[in-house]
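Student: Structure below; questions to follow.
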Amino acid sequence: MRVLLTAVLLSLASLGTAQQTLLNSSYDIARELFAAINPKFQEHWKAETGEDVTIKQSHAGSSKQARAILQGLKADVVTFNQVTDVNVLHDLGNLIPADWNQRLPNNSSPYYSTTAFLVRKGNPKNIQGWADLARDNVDVVFPNPKTSGNGRYTYLAAWMSAVERFDGDEEKVKDYMARFLSNVSVFDSGGRAATVTFAEREIGDVLISFESEVNNIRKEYGTGDYEVVVPKTSVLAEFPVTVVDKVVDEKGTRKVATAYLDYLYSEEIQRLLASFNYRVHNEKVVEETADRFPPVKLLKVEDYFGSWEKVTDQHFASGGILDKLQAQARSLR
Amino acid sequence: MTALLRTRHSVLPGFTLSFSLSVLFICLVILLPLSGLAVHVSGMGWDTYWNVITDPRSIASFKVTVLSAAGASVINAIVGLLLAWVITRYRFPGRRLMEALVDLPFALPTAVAGLTLAALFADNGWLGQWFSLAGIQVSYTWVGIMIAMSFTSLPFVVRAVQPVLEDLTPDLEEAAATLGASPLASFRKVILAQVMPALLTGTGLAFTRSLGEYGGVIFIAGNLPYETEIVSLLVNIRLEEYDFAAASALASIILLASLVLLFGIQGLQARLVKRWHGL
Amino acid sequence: MPRYAHQWLLIAAAFATVILMLVLPLLLILHQAFAHGLAPVMEALTSNDMGHAIRLTVVVALITVPVNLVFGILLAWCVTRFEFRGRKLLTTLIDIPFAMSPVVAGLCYLVVYGSQGLLGGWLADIDVQLMFALPGMVMVTIFVSCPYVARVLIPLMQSQGPEEEEAAVLMGASGWQVFWYVTLPKIRWALLYGVILTNARAVGEFGAVSVVSGLIRGETLTLPLLIQMLHEDYNTVGAFTAAGLLAAMALVTLLLKTVLEWRQRV
């Protein structure tokens with residue numbers, strides 16, 4: 001009986017796992033991006049080695065993705081939007097080495113972005129920068145910082161810009177943050193759900209998301225209905241990538257997985273990334289596309305908070321500063 | 001060994017087979033995963049458990065869930081009674097269709113229901129625009145949650161009340177009418193009194209179902225902490241924060257409430273059935 | 001036919017309710033799916049992801065329904081044909097999946113079978129992956145849909161009583177013959193009814209499956225999960241096309257159910 005059961009389980013488990021398949025576990029709003037990159041890599045790999053490779057995609061909030069990997073989702077590579085979510089793969093599961101971000105150039109981030117605003121046509125509420133988002137008459141939509149890397153960047157960008165404005169006066173910063181959070185009308189769990197809320201359900205005056213996403217939304221939903229506002233100061237959002245060592249060693253896919261990530265740094269893909277409104281490192285591409293990326297003073301999370309670990313402990317943990325601000329924001333509504 | 005359990009002998013075969021396989025199935029499919037949750041919760045200690053479930057955000061989500069479910073149950077009790085009454089009492093064209101459609105919420109996947117209701121009640125949706133003209137926002141408020149819950153649990157009341165109404169002979173009503181009672185009074189005194197137990201059972205089941213509803217609600221709820229965050233969603237959020245203990249703790253509360261309600265309803269039903277036969 | 005005005009008023013109110021609450025959502029699905037004509041719908045239907053989601057959903061249902069069918073018959077046979085200690089307990093336990101939030105159900109399975117779970121570590125060592133793959137999705141679907149067949153059969157078999165089966169046994173029929181020639185003909189319509197309900201739930205499950213699926217495109221997305229994905233991909237037509245498929249399934253379910261109920265009454 002047990003032998004039979006094991007046999008059935010094994011045969012079921014082996015269904016659908018063909019050879020040379022990569023699973024890329026990625027953040028929520030990267031769907032179109034990797035749908036464009038993957039066919040190019042398949043061609044590239046075929047030309048290089050003569051082998052076929054299938055690439056599967058999984059998209060959700062990057063914290064949720066990290067949890068799934070810890071619980072056994074066999075992702076060969078992760079392409080996240082947040083350093084912390086990659087770190088937990090080491091801290092809680094020992095699936096990757098501690099120095100994973102030294103393995104590829106630019107802290108293992110092939111591209112970067114910042115947080116920007118999407119407002120309705122004509123910018124009726126005249127939103128220009130972070131300070132405007134705390135005004136009484138503004139309704140804000142962005143994803144939940146607890147579940148979404150995108151949302152965390154928004155929260156941190158608002159905080160850091162407030163630190164700049166108020167010269168580090170923490171009371172004023174917290175007061176601003178509470179008023180900002182009290183203006184949030186919907187907290188979706190991922191970036192894409194927030195987009196749908198703003199664009200299809202027509203909720204809120206401003207959507208805060210990655211610069212890449214707000215530009216893509218304008219493209220998707222018609223350029224006439226929305227305007228993009230890039231604030232003068234914002235956060236540097238890195239998009240870390242790594243192979244998941246434990247998985248690739250088990251599946252024997254290390255070579256192709258590594259090649260896949262290296263390929264993200266190639267000029268061709270960097271140009272493709274730029275066309276999706278991500279900022280890239282390749283100098284030639286940077287020059288070509290300079291007019292599409294307005295200059296922004298990019299604030300680094302590490303400079304203001306010390307490290308990502310500290311941010312997580314102090315701000316995002318249960319009972320942390322975010323929870324306290326939420327409770328305060330509630331009393332302001 | 002199974003023979004020990006039997007209290008009366010039957011000539012029929014298959015007790016050992018059907019009993020042991022049923023028990024095995026229930027253990028593997030239902031009890032093992034449940035005990036997994038129990039182990040997880042018991043490992044966290046009473047203090048942590050208490051902190052998780054009395055966290056203001058958790059309390060707020062309990063409130064939102066229970067109040068919306070209660071609102072949905074009230075709507076369902078009224079609408080369900082109306083539908084059951086019309087279906088059993090009157091003969092009119094389209095009755096069959098109406099009776100079949102009542103079960104739609106059970107047959108329609110909750111994700112479809114959620115997606116559709118969200119689009120229907122959005123400020124620019126077919127129904128939402130009328131509500132927003134009246135100054136009521138449905139999507140992303142507790143009203144939306146309530147509507148989604150009442151949609152997914154509508155059939156419970158109808159299906160509970162319908163058989164009782166079918167069994168009620170019109171004699172009593174006619175007697176009441178001949179004695180000069182108005183239709184409304186005869187309805188209240190004669191029919192409602194008899195239907196009440198079934199109505200309560202159906203409403204209770206609808207309430208239980210609403211407490212745990214997820215797919216139907218998340219599309220239309222605003223997911224705003226303290227305001228429109230239901231418990232099932234908070235469980236999911238805690239999961240996404242790697243906080244398994246908190247997720248399990250919250251889950252255990254909902255589970256406990258549902259089980260207590262379920263057993264309560266069954267007890268009530270058993271008592272009613274007894275009384276019915278005792279008469 | 002109703003005689004009085006207030007009766008017609010009640011009927012009108014009932015119709016209004018049914019149209020607003022039940023018919024309008026169905027129309028909206030069609031309207032949204034065909035908002036840009038037939039071509040995008042066909043395109044959505046023939047896309048790889050949709051094809052895979054349909055196949056996966058069918059596979060999950062094809063495994064779930066027979067398992068729960070057999071279990072439902074066994075349990076119903078056991079609790080209606082024999083008297084034993086703990087009979088009440090068995091019939092109560094089987095209701096748990098009804099009372100439980102599907103998300104919580106998914107979480108329970110994850111806690112036990114996930115690679116950091118109670119059994120999951122051991123399973124990972126022998127290289128068996130249940131969660132984030134087909135087996136896990138089937139397991140939670142079996143869980144959420146297991147009460148239906150038993151719930152339909154138990155009251156029916158209870159009311160029928162064991163006399164006919166006992167007579168058959170006394171005349172020398174084997175257990176299998178009793179079931180096949182005596183019991184089955186009496187319960188076949190109810191059984192079919194149970195299967196239809198089980199199938200509808202198995203095909204449409206969202207909450208529990210979303211916890212254990214891993215959301216891998218073209219691999220672990222069932223139709224309900226695909227709806228959410230497409231919806232968030234700005235692909236409204238695709239989402240509502242998938243929703244339309246499931247709604248069509250729901251309508252067929254209702255139709256079969258009505259036919260069966262009618263048969264049972266006759």
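Labeling convention for the structure tokens: chains A, B, ... as they appear, residues from 1 per chain, ligands from 1 in order of appearance.
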Using only C-alpha atoms, find which residues of chain C lie within 7 Å of chain B and jot them down as JSON, numbers by chain.

Tutor: {"C": [1, 2, 10, 11, 14, 25, 29, 71, 74, 75, 77, 78, 82, 83, 84, 85, 99, 100, 101, 103, 104, 108, 109, 111, 112, 143, 166, 169, 175, 200, 204, 205, 206, 207, 224, 243, 246, 247, 250, 253, 254, 258]}

Student: Could the residues of chain B within 6 Å of chain A, counting only C-alpha atoms, be given as a PyMOL selection string, please?

Tutor: chain B and resi 122+222-224+240

Student: Could you give me, as JSON lines, every chain C residue with an atom at most 12 Å from chain A, plus its closest atom pair and distance in Å to one decimal, counting only C-alpha atoms, rows ordered by chain then number?

Tutor:
{"residue": "C:Asp49", "atom": "CA", "partner": "A:Lys56", "partner_atom": "CA", "distance": 11.2}
{"residue": "C:His52", "atom": "CA", "partner": "A:Gly16", "partner_atom": "CA", "distance": 11.4}
{"residue": "C:Leu56", "atom": "CA", "partner": "A:Gly16", "partner_atom": "CA", "distance": 10.9}
{"residue": "C:Val59", "atom": "CA", "partner": "A:Leu12", "partner_atom": "CA", "distance": 11.6}
{"residue": "C:Val60", "atom": "CA", "partner": "A:Leu12", "partner_atom": "CA", "distance": 11.6}
{"residue": "C:Ile63", "atom": "CA", "partner": "A:Leu12", "partner_atom": "CA", "distance": 11.2}
{"residue": "C:Leu107", "atom": "CA", "partner": "A:Gln71", "partner_atom": "CA", "distance": 11.4}
{"residue": "C:Tyr109", "atom": "CA", "partner": "A:Gln71", "partner_atom": "CA", "distance": 11.3}
{"residue": "C:Leu110", "atom": "CA", "partner": "A:Gln71", "partner_atom": "CA", "distance": 7.7}
{"residue": "C:Val111", "atom": "CA", "partner": "A:Gln71", "partner_atom": "CA", "distance": 8.9}
{"residue": "C:Val112", "atom": "CA", "partner": "A:Gln71", "partner_atom": "CA", "distance": 10.4}
{"residue": "C:Tyr113", "atom": "CA", "partner": "A:Gln71", "partner_atom": "CA", "distance": 8.7}
{"residue": "C:Gly114", "atom": "CA", "partner": "A:Gln71", "partner_atom": "CA", "distance": 4.9}
{"residue": "C:Ser115", "atom": "CA", "partner": "A:Gln71", "partner_atom": "CA", "distance": 4.7}
{"residue": "C:Gln116", "atom": "CA", "partner": "A:Gln71", "partner_atom": "CA", "distance": 5.7}
{"residue": "C:Gly117", "atom": "CA", "partner": "A:Gln71", "partner_atom": "CA", "distance": 7.8}
{"residue": "C:Leu118", "atom": "CA", "partner": "A:Gln71", "partner_atom": "CA", "distance": 11.4}
{"residue": "C:Leu119", "atom": "CA", "partner": "A:Gln71", "partner_atom": "CA", "distance": 11.9}
{"residue": "C:Gly120", "atom": "CA", "partner": "A:Gln71", "partner_atom": "CA", "distance": 8.6}
{"residue": "C:Gly121", "atom": "CA", "partner": "A:Gly72", "partner_atom": "CA", "distance": 9.5}
{"residue": "C:Leu123", "atom": "CA", "partner": "A:Thr6", "partner_atom": "CA", "distance": 10.2}
{"residue": "C:Ala124", "atom": "CA", "partner": "A:Gly72", "partner_atom": "CA", "distance": 8.1}
{"residue": "C:Asp125", "atom": "CA", "partner": "A:Glu250", "partner_atom": "CA", "distance": 11.5}
{"residue": "C:Ile126", "atom": "CA", "partner": "A:Leu10", "partner_atom": "CA", "distance": 9.6}
{"residue": "C:Asp127", "atom": "CA", "partner": "A:Leu10", "partner_atom": "CA", "distance": 8.4}
{"residue": "C:Val128", "atom": "CA", "partner": "A:Leu10", "partner_atom": "CA", "distance": 6.2}
{"residue": "C:Gln129", "atom": "CA", "partner": "A:Ala13", "partner_atom": "CA", "distance": 5.8}
{"residue": "C:Leu130", "atom": "CA", "partner": "A:Ala13", "partner_atom": "CA", "distance": 6.6}
{"residue": "C:Met131", "atom": "CA", "partner": "A:Gly72", "partner_atom": "CA", "distance": 7.0}
{"residue": "C:Phe132", "atom": "CA", "partner": "A:Leu73", "partner_atom": "CA", "distance": 5.7}
{"residue": "C:Ala133", "atom": "CA", "partner": "A:Ala13", "partner_atom": "CA", "distance": 7.1}
{"residue": "C:Leu134", "atom": "CA", "partner": "A:Leu12", "partner_atom": "CA", "distance": 7.1}
{"residue": "C:Pro135", "atom": "CA", "partner": "A:Leu12", "partner_atom": "CA", "distance": 6.3}
{"residue": "C:Gly136", "atom": "CA", "partner": "A:Ala13", "partner_atom": "CA", "distance": 9.3}
{"residue": "C:Met137", "atom": "CA", "partner": "A:Leu12", "partner_atom": "CA", "distance": 11.3}
{"residue": "C:Val138", "atom": "CA", "partner": "A:Leu12", "partner_atom": "CA", "distance": 10.2}
{"residue": "C:Met139", "atom": "CA", "partner": "A:Leu9", "partner_atom": "CA", "distance": 11.2}
{"residue": "C:Ser210", "atom": "CA", "partner": "A:Ala60", "partner_atom": "CA", "distance": 11.2}
{"residue": "C:Val211", "atom": "CA", "partner": "A:Ala68", "partner_atom": "CA", "distance": 9.0}
{"residue": "C:Val212", "atom": "CA", "partner": "A:Ala68", "partner_atom": "CA", "distance": 8.4}
{"residue": "C:Ser213", "atom": "CA", "partner": "A:Leu73", "partner_atom": "CA", "distance": 9.1}
{"residue": "C:Gly214", "atom": "CA", "partner": "A:Ala68", "partner_atom": "CA", "distance": 6.4}
{"residue": "C:Leu215", "atom": "CA", "partner": "A:Ser58", "partner_atom": "CA", "distance": 5.4}
{"residue": "C:Ile216", "atom": "CA", "partner": "A:Ser58", "partner_atom": "CA", "distance": 4.3}
{"residue": "C:Arg217", "atom": "CA", "partner": "A:Gln57", "partner_atom": "CA", "distance": 5.5}
{"residue": "C:Gly218", "atom": "CA", "partner": "A:Lys56", "partner_atom": "CA", "distance": 7.3}
{"residue": "C:Glu219", "atom": "CA", "partner": "A:Gly16", "partner_atom": "CA", "distance": 7.3}
{"residue": "C:Thr220", "atom": "CA", "partner": "A:Ser58", "partner_atom": "CA", "distance": 9.4}
{"residue": "C:Leu221", "atom": "CA", "partner": "A:Ser58", "partner_atom": "CA", "distance": 9.7}
{"residue": "C:Leu225", "atom": "CA", "partner": "A:Ala60", "partner_atom": "CA", "distance": 12.0}
{"residue": "C:Leu226", "atom": "CA", "partner": "A:His59", "partner_atom": "CA", "distance": 11.8}
{"residue": "C:Gln228", "atom": "CA", "partner": "A:Ala193", "partner_atom": "CA", "distance": 9.3}
{"residue": "C:Met229", "atom": "CA", "partner": "A:His59", "partner_atom": "CA", "distance": 8.7}
{"residue": "C:Leu230", "atom": "CA", "partner": "A:Arg31", "partner_atom": "CA", "distance": 10.5}
{"residue": "C:His231", "atom": "CA", "partner": "A:Val196", "partner_atom": "CA", "distance": 8.1}
{"residue": "C:Glu232", "atom": "CA", "partner": "A:Arg192", "partner_atom": "CA", "distance": 5.6}
{"residue": "C:Asp233", "atom": "CA", "partner": "A:Arg192", "partner_atom": "CA", "distance": 7.5}
{"residue": "C:Tyr234", "atom": "CA", "partner": "A:Val196", "partner_atom": "CA", "distance": 7.4}
{"residue": "C:Asn235", "atom": "CA", "partner": "A:Glu220", "partner_atom": "CA", "distance": 10.1}
{"residue": "C:Thr236", "atom": "CA", "partner": "A:Glu200", "partner_atom": "CA", "distance": 9.7}

Student: Looking only at the backbone, which of the residues in segment 16-148 of chain C does DSSP tag as helix (DSSP H, G or I), as number ranges by chain?

Tutor: C: 16-33, 38-46, 48-81, 87-93, 96-99, 102-113, 120-125, 134-145, 147-148

Student: Between C:Ala13, C:Ala105, C:Ala44, C:Leu93, which residue has the minimum interatomic distance to Ala242 of chain C, considering only C-alpha atoms?

Tutor: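 Among the listed residues, the smallest separation from Ala242 of chain C belongs to C:Ala44.
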
Student: Residues at most 12 Å from Val163 of chain A, counting only C-alpha atoms, excluding those fewer than 2 positions away in the same chain, as a list in words?

Tutor: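 Listing them by chain and then by number gives Trp130, Ala131, Leu156, Ala157, Ala158, Trp159, Met160, Ser161, Arg165, Phe166, Asp167, Gly168, Asp169, Glu170, Glu171, Lys172, Val173, Lys174, Asp175, Tyr176, Met177, Thr233, Ser234, Leu299, Asp303, Tyr304 and Phe305 of chain A.
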
Student: Include N, CA and C atoms and write out the residues we just selected as a tab-separated table (two decimals), in the first residue's frame.

Tutor:
chain	number	residue	atom	x	y	z
A	130	TRP	N	6.23	64.88	-3.12
A	130	TRP	CA	5.76	64.08	-1.99
A	130	TRP	C	4.93	64.89	-1.00
A	131	ALA	N	5.29	66.16	-0.82
A	131	ALA	CA	4.58	66.97	0.18
A	131	ALA	C	3.09	67.08	-0.17
A	156	LEU	N	9.09	54.18	1.86
A	156	LEU	CA	10.43	54.67	2.20
A	156	LEU	C	10.75	55.97	1.47
A	157	ALA	N	10.30	56.09	0.22
A	157	ALA	CA	10.54	57.32	-0.54
A	157	ALA	C	9.86	58.50	0.14
A	158	ALA	N	8.60	58.27	0.58
A	158	ALA	CA	7.88	59.34	1.26
A	158	ALA	C	8.62	59.73	2.54
A	159	TRP	N	9.07	58.74	3.27
A	159	TRP	CA	9.79	58.98	4.53
A	159	TRP	C	11.08	59.78	4.28
A	160	MET	N	11.88	59.30	3.31
A	160	MET	CA	13.19	59.93	3.08
A	160	MET	C	13.03	61.35	2.56
A	161	SER	N	12.04	61.56	1.68
A	161	SER	CA	11.86	62.92	1.17
A	161	SER	C	11.41	63.84	2.30
A	165	ARG	N	13.04	67.30	3.69
A	165	ARG	CA	12.31	68.55	3.82
A	165	ARG	C	12.36	69.10	5.24
A	166	PHE	N	12.23	68.20	6.23
A	166	PHE	CA	12.15	68.67	7.61
A	166	PHE	C	13.49	68.59	8.32
A	167	ASP	N	14.57	68.43	7.55
A	167	ASP	CA	15.91	68.40	8.14
A	167	ASP	C	16.04	67.35	9.24
A	168	GLY	N	15.39	66.22	9.05
A	168	GLY	CA	15.57	65.13	9.99
A	168	GLY	C	14.76	65.23	11.27
A	169	ASP	N	13.84	66.21	11.36
A	169	ASP	CA	12.99	66.32	12.55
A	169	ASP	C	11.98	65.17	12.56
A	170	GLU	N	12.23	64.16	13.42
A	170	GLU	CA	11.47	62.92	13.33
A	170	GLU	C	9.98	63.10	13.62
A	171	GLU	N	9.65	64.01	14.56
A	171	GLU	CA	8.24	64.24	14.88
A	171	GLU	C	7.48	64.70	13.65
A	172	LYS	N	8.09	65.68	12.95
A	172	LYS	CA	7.44	66.22	11.76
A	172	LYS	C	7.33	65.16	10.67
A	173	VAL	N	8.37	64.33	10.55
A	173	VAL	CA	8.35	63.27	9.55
A	173	VAL	C	7.19	62.33	9.84
A	174	LYS	N	7.05	61.92	11.08
A	174	LYS	CA	6.00	60.96	11.45
A	174	LYS	C	4.61	61.57	11.25
A	175	ASP	N	4.50	62.86	11.59
A	175	ASP	CA	3.23	63.54	11.40
A	175	ASP	C	2.84	63.55	9.92
A	176	TYR	N	3.85	63.87	9.08
A	176	TYR	CA	3.61	63.86	7.64
A	176	TYR	C	3.20	62.46	7.17
A	177	MET	N	3.91	61.45	7.63
A	177	MET	CA	3.65	60.08	7.18
A	177	MET	C	2.24	59.63	7.57
A	233	THR	N	12.84	64.50	-5.84
A	233	THR	CA	13.63	63.51	-5.11
A	233	THR	C	12.78	62.26	-4.96
A	234	SER	N	13.45	61.11	-5.04
A	234	SER	CA	12.73	59.86	-4.82
A	234	SER	C	13.72	58.77	-4.43
A	299	LEU	N	17.55	58.85	-3.63
A	299	LEU	CA	17.98	58.63	-2.25
A	299	LEU	C	18.15	57.13	-2.03
A	303	ASP	N	21.54	54.78	3.08
A	303	ASP	CA	22.06	56.04	3.64
A	303	ASP	C	21.16	56.60	4.74
A	304	TYR	N	19.88	56.32	4.66
A	304	TYR	CA	18.95	56.91	5.61
A	304	TYR	C	18.61	55.98	6.76
A	305	PHE	N	18.64	54.70	6.49
A	305	PHE	CA	18.18	53.75	7.52
A	305	PHE	C	19.28	52.81	7.99

Student: List the spatial neighbours of Thr64 of chain C as a PyMOL selection string - criterion: any atom at most 7 Å away, only C-alpha atoms, same-chain residues fewer than 2 positions off excluded.

Tutor: chain C and resi 60-62+66-68+138+141-142

Student: Please dump the current selection as a PDB file, in the first residue's frame; keep all heavy atoms.

Tutor:
ATOM      1  N   VAL C  60      -7.563  18.297 -12.675  1.00  0.00           N
ATOM      2  CA  VAL C  60      -7.838  18.375 -11.232  1.00  0.00           C
ATOM      3  C   VAL C  60      -9.225  17.811 -10.933  1.00  0.00           C
ATOM      4  O   VAL C  60      -9.399  17.001 -10.019  1.00  0.00           O
ATOM      5  CB  VAL C  60      -7.725  19.837 -10.728  1.00  0.00           C
ATOM      6  CG1 VAL C  60      -8.262  19.946  -9.308  1.00  0.00           C
ATOM      7  CG2 VAL C  60      -6.282  20.296 -10.774  1.00  0.00           C
ATOM      8  N   ALA C  61     -10.213  18.205 -11.752  1.00  0.00           N
ATOM      9  CA  ALA C  61     -11.577  17.717 -11.518  1.00  0.00           C
ATOM     10  C   ALA C  61     -11.662  16.211 -11.766  1.00  0.00           C
ATOM     11  O   ALA C  61     -12.330  15.493 -11.027  1.00  0.00           O
ATOM     12  CB  ALA C  61     -12.556  18.464 -12.419  1.00  0.00           C
ATOM     13  N   LEU C  62     -10.939  15.729 -12.790  1.00  0.00           N
ATOM     14  CA  LEU C  62     -10.999  14.305 -13.123  1.00  0.00           C
ATOM     15  C   LEU C  62     -10.414  13.426 -12.024  1.00  0.00           C
ATOM     16  O   LEU C  62     -10.807  12.278 -11.856  1.00  0.00           O
ATOM     17  CB  LEU C  62     -10.255  14.031 -14.434  1.00  0.00           C
ATOM     18  CG  LEU C  62     -11.038  14.288 -15.712  1.00  0.00           C
ATOM     19  CD1 LEU C  62     -10.196  13.947 -16.927  1.00  0.00           C
ATOM     20  CD2 LEU C  62     -12.329  13.481 -15.713  1.00  0.00           C
ATOM     21  N   PRO C  66     -13.772  11.374  -8.904  1.00  0.00           N
ATOM     22  CA  PRO C  66     -13.857   9.942  -8.569  1.00  0.00           C
ATOM     23  C   PRO C  66     -13.442   9.642  -7.132  1.00  0.00           C
ATOM     24  O   PRO C  66     -14.097   8.844  -6.455  1.00  0.00           O
ATOM     25  CB  PRO C  66     -12.878   9.294  -9.546  1.00  0.00           C
ATOM     26  CG  PRO C  66     -12.724  10.253 -10.651  1.00  0.00           C
ATOM     27  CD  PRO C  66     -12.908  11.612 -10.057  1.00  0.00           C
ATOM     28  N   VAL C  67     -12.383  10.305  -6.661  1.00  0.00           N
ATOM     29  CA  VAL C  67     -11.936  10.065  -5.284  1.00  0.00           C
ATOM     30  C   VAL C  67     -13.063  10.379  -4.306  1.00  0.00           C
ATOM     31  O   VAL C  67     -13.405   9.575  -3.437  1.00  0.00           O
ATOM     32  CB  VAL C  67     -10.690  10.915  -4.951  1.00  0.00           C
ATOM     33  CG1 VAL C  67     -10.404  10.871  -3.455  1.00  0.00           C
ATOM     34  CG2 VAL C  67      -9.487  10.431  -5.730  1.00  0.00           C
ATOM     35  N   ASN C  68     -13.664  11.554  -4.484  1.00  0.00           N
ATOM     36  CA  ASN C  68     -14.724  11.949  -3.560  1.00  0.00           C
ATOM     37  C   ASN C  68     -16.004  11.141  -3.759  1.00  0.00           C
ATOM     38  O   ASN C  68     -16.783  10.967  -2.833  1.00  0.00           O
ATOM     39  CB  ASN C  68     -15.019  13.442  -3.693  1.00  0.00           C
ATOM     40  CG  ASN C  68     -13.972  14.265  -2.973  1.00  0.00           C
ATOM     41  OD1 ASN C  68     -13.300  13.756  -2.082  1.00  0.00           O
ATOM     42  ND2 ASN C  68     -13.808  15.502  -3.372  1.00  0.00           N
ATOM     43  N   VAL C 138      -4.486  19.221  -6.268  1.00  0.00           N
ATOM     44  CA  VAL C 138      -5.510  18.183  -6.205  1.00  0.00           C
ATOM     45  C   VAL C 138      -5.902  17.926  -4.752  1.00  0.00           C
ATOM     46  O   VAL C 138      -7.085  17.813  -4.418  1.00  0.00           O
ATOM     47  CB  VAL C 138      -5.007  16.881  -6.860  1.00  0.00           C
ATOM     48  CG1 VAL C 138      -5.974  15.740  -6.605  1.00  0.00           C
ATOM     49  CG2 VAL C 138      -4.818  17.085  -8.358  1.00  0.00           C
ATOM     50  N   THR C 141      -8.155  20.551  -3.371  1.00  0.00           N
ATOM     51  CA  THR C 141      -9.453  20.499  -4.042  1.00  0.00           C
ATOM     52  C   THR C 141     -10.284  19.339  -3.504  1.00  0.00           C
ATOM     53  O   THR C 141     -11.497  19.476  -3.283  1.00  0.00           O
ATOM     54  CB  THR C 141      -9.273  20.372  -5.564  1.00  0.00           C
ATOM     55  OG1 THR C 141      -8.348  21.352  -5.993  1.00  0.00           O
ATOM     56  CG2 THR C 141     -10.581  20.573  -6.279  1.00  0.00           C
ATOM     57  N   ILE C 142      -9.622  18.195  -3.281  1.00  0.00           N
ATOM     58  CA  ILE C 142     -10.329  17.063  -2.666  1.00  0.00           C
ATOM     59  C   ILE C 142     -10.878  17.488  -1.310  1.00  0.00           C
ATOM     60  O   ILE C 142     -12.026  17.218  -0.975  1.00  0.00           O
ATOM     61  CB  ILE C 142      -9.377  15.852  -2.515  1.00  0.00           C
ATOM     62  CG1 ILE C 142      -9.096  15.246  -3.882  1.00  0.00           C
ATOM     63  CG2 ILE C 142      -9.986  14.804  -1.580  1.00  0.00           C
ATOM     64  CD1 ILE C 142      -8.142  14.082  -3.864  1.00  0.00           C
TER      65      ILE C 142
END

Student: May I ask for the distance between atom CA of Gly238 of chain C and atom CA of Lys219 of chain A, given in Å to one decimal place?

Tutor: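 Atom CA of Lys219 of chain A lies 18.8 Å from atom CA of Gly238 of chain C.
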
Student: Please provide the set of residues having any atom within 8 Å of segment 72-78 of chain B, restricted to only C-alpha atoms, with same-chain residues fewer than 5 positions apart removed, written as an mmCIF file with N, CA and C atoms, in the first residue's frame.

Tutor:
data_model
loop_
_atom_site.group_PDB
_atom_site.id
_atom_site.type_symbol
_atom_site.label_atom_id
_atom_site.label_comp_id
_atom_site.auth_asym_id
_atom_site.auth_seq_id
_atom_site.Cartn_x
_atom_site.Cartn_y
_atom_site.Cartn_z
ATOM 1 N N MET B 146 -20.360 43.400 2.025
ATOM 2 C CA MET B 146 -21.647 42.842 2.420
ATOM 3 C C MET B 146 -22.394 42.297 1.202
ATOM 4 N N ILE B 147 -22.369 43.053 0.109
ATOM 5 C CA ILE B 147 -23.067 42.599 -1.093
ATOM 6 C C ILE B 147 -22.440 41.311 -1.619
ATOM 7 N N MET B 149 -20.781 39.085 0.066
ATOM 8 C CA MET B 149 -21.118 37.983 0.979
ATOM 9 C C MET B 149 -22.563 37.530 0.787
ATOM 10 N N SER B 150 -23.478 38.495 0.592
ATOM 11 C CA SER B 150 -24.867 38.058 0.458
ATOM 12 C C SER B 150 -25.072 37.336 -0.863
ATOM 13 N N SER B 153 -23.821 33.620 -0.416
ATOM 14 C CA SER B 153 -24.513 32.730 0.519
ATOM 15 C C SER B 153 -26.036 32.788 0.390
ATOM 16 N N LEU B 154 -26.528 33.405 -0.682
ATOM 17 C CA LEU B 154 -27.973 33.542 -0.873
ATOM 18 C C LEU B 154 -28.751 32.223 -0.828
ATOM 19 N N VAL B 157 -30.561 30.278 2.697
ATOM 20 C CA VAL B 157 -31.858 30.575 3.300
ATOM 21 C C VAL B 157 -32.990 30.005 2.456
ATOM 22 N N LEU B 199 -35.696 29.295 9.008
ATOM 23 C CA LEU B 199 -35.125 30.576 8.611
ATOM 24 C C LEU B 199 -33.840 30.841 9.396
ATOM 25 N N GLY B 202 -31.048 28.493 8.117
ATOM 26 C CA GLY B 202 -30.506 28.961 6.845
ATOM 27 C C GLY B 202 -29.662 30.202 7.022
ATOM 28 N N THR B 203 -30.153 31.139 7.825
ATOM 29 C CA THR B 203 -29.405 32.364 8.052
ATOM 30 C C THR B 203 -28.083 32.065 8.759
ATOM 31 N N GLY B 204 -28.143 31.122 9.703
ATOM 32 C CA GLY B 204 -26.918 30.736 10.412
ATOM 33 C C GLY B 204 -25.887 30.152 9.467
ATOM 34 N N ALA B 206 -25.701 30.711 6.264
ATOM 35 C CA ALA B 206 -25.238 31.806 5.406
ATOM 36 C C ALA B 206 -24.186 32.633 6.138
ATOM 37 N N PHE B 207 -24.424 32.885 7.411
ATOM 38 C CA PHE B 207 -23.482 33.660 8.213
ATOM 39 C C PHE B 207 -22.136 32.943 8.315
ATOM 40 N N SER B 210 -20.310 33.203 5.138
ATOM 41 C CA SER B 210 -19.808 34.558 4.910
ATOM 42 C C SER B 210 -18.539 34.834 5.710
#
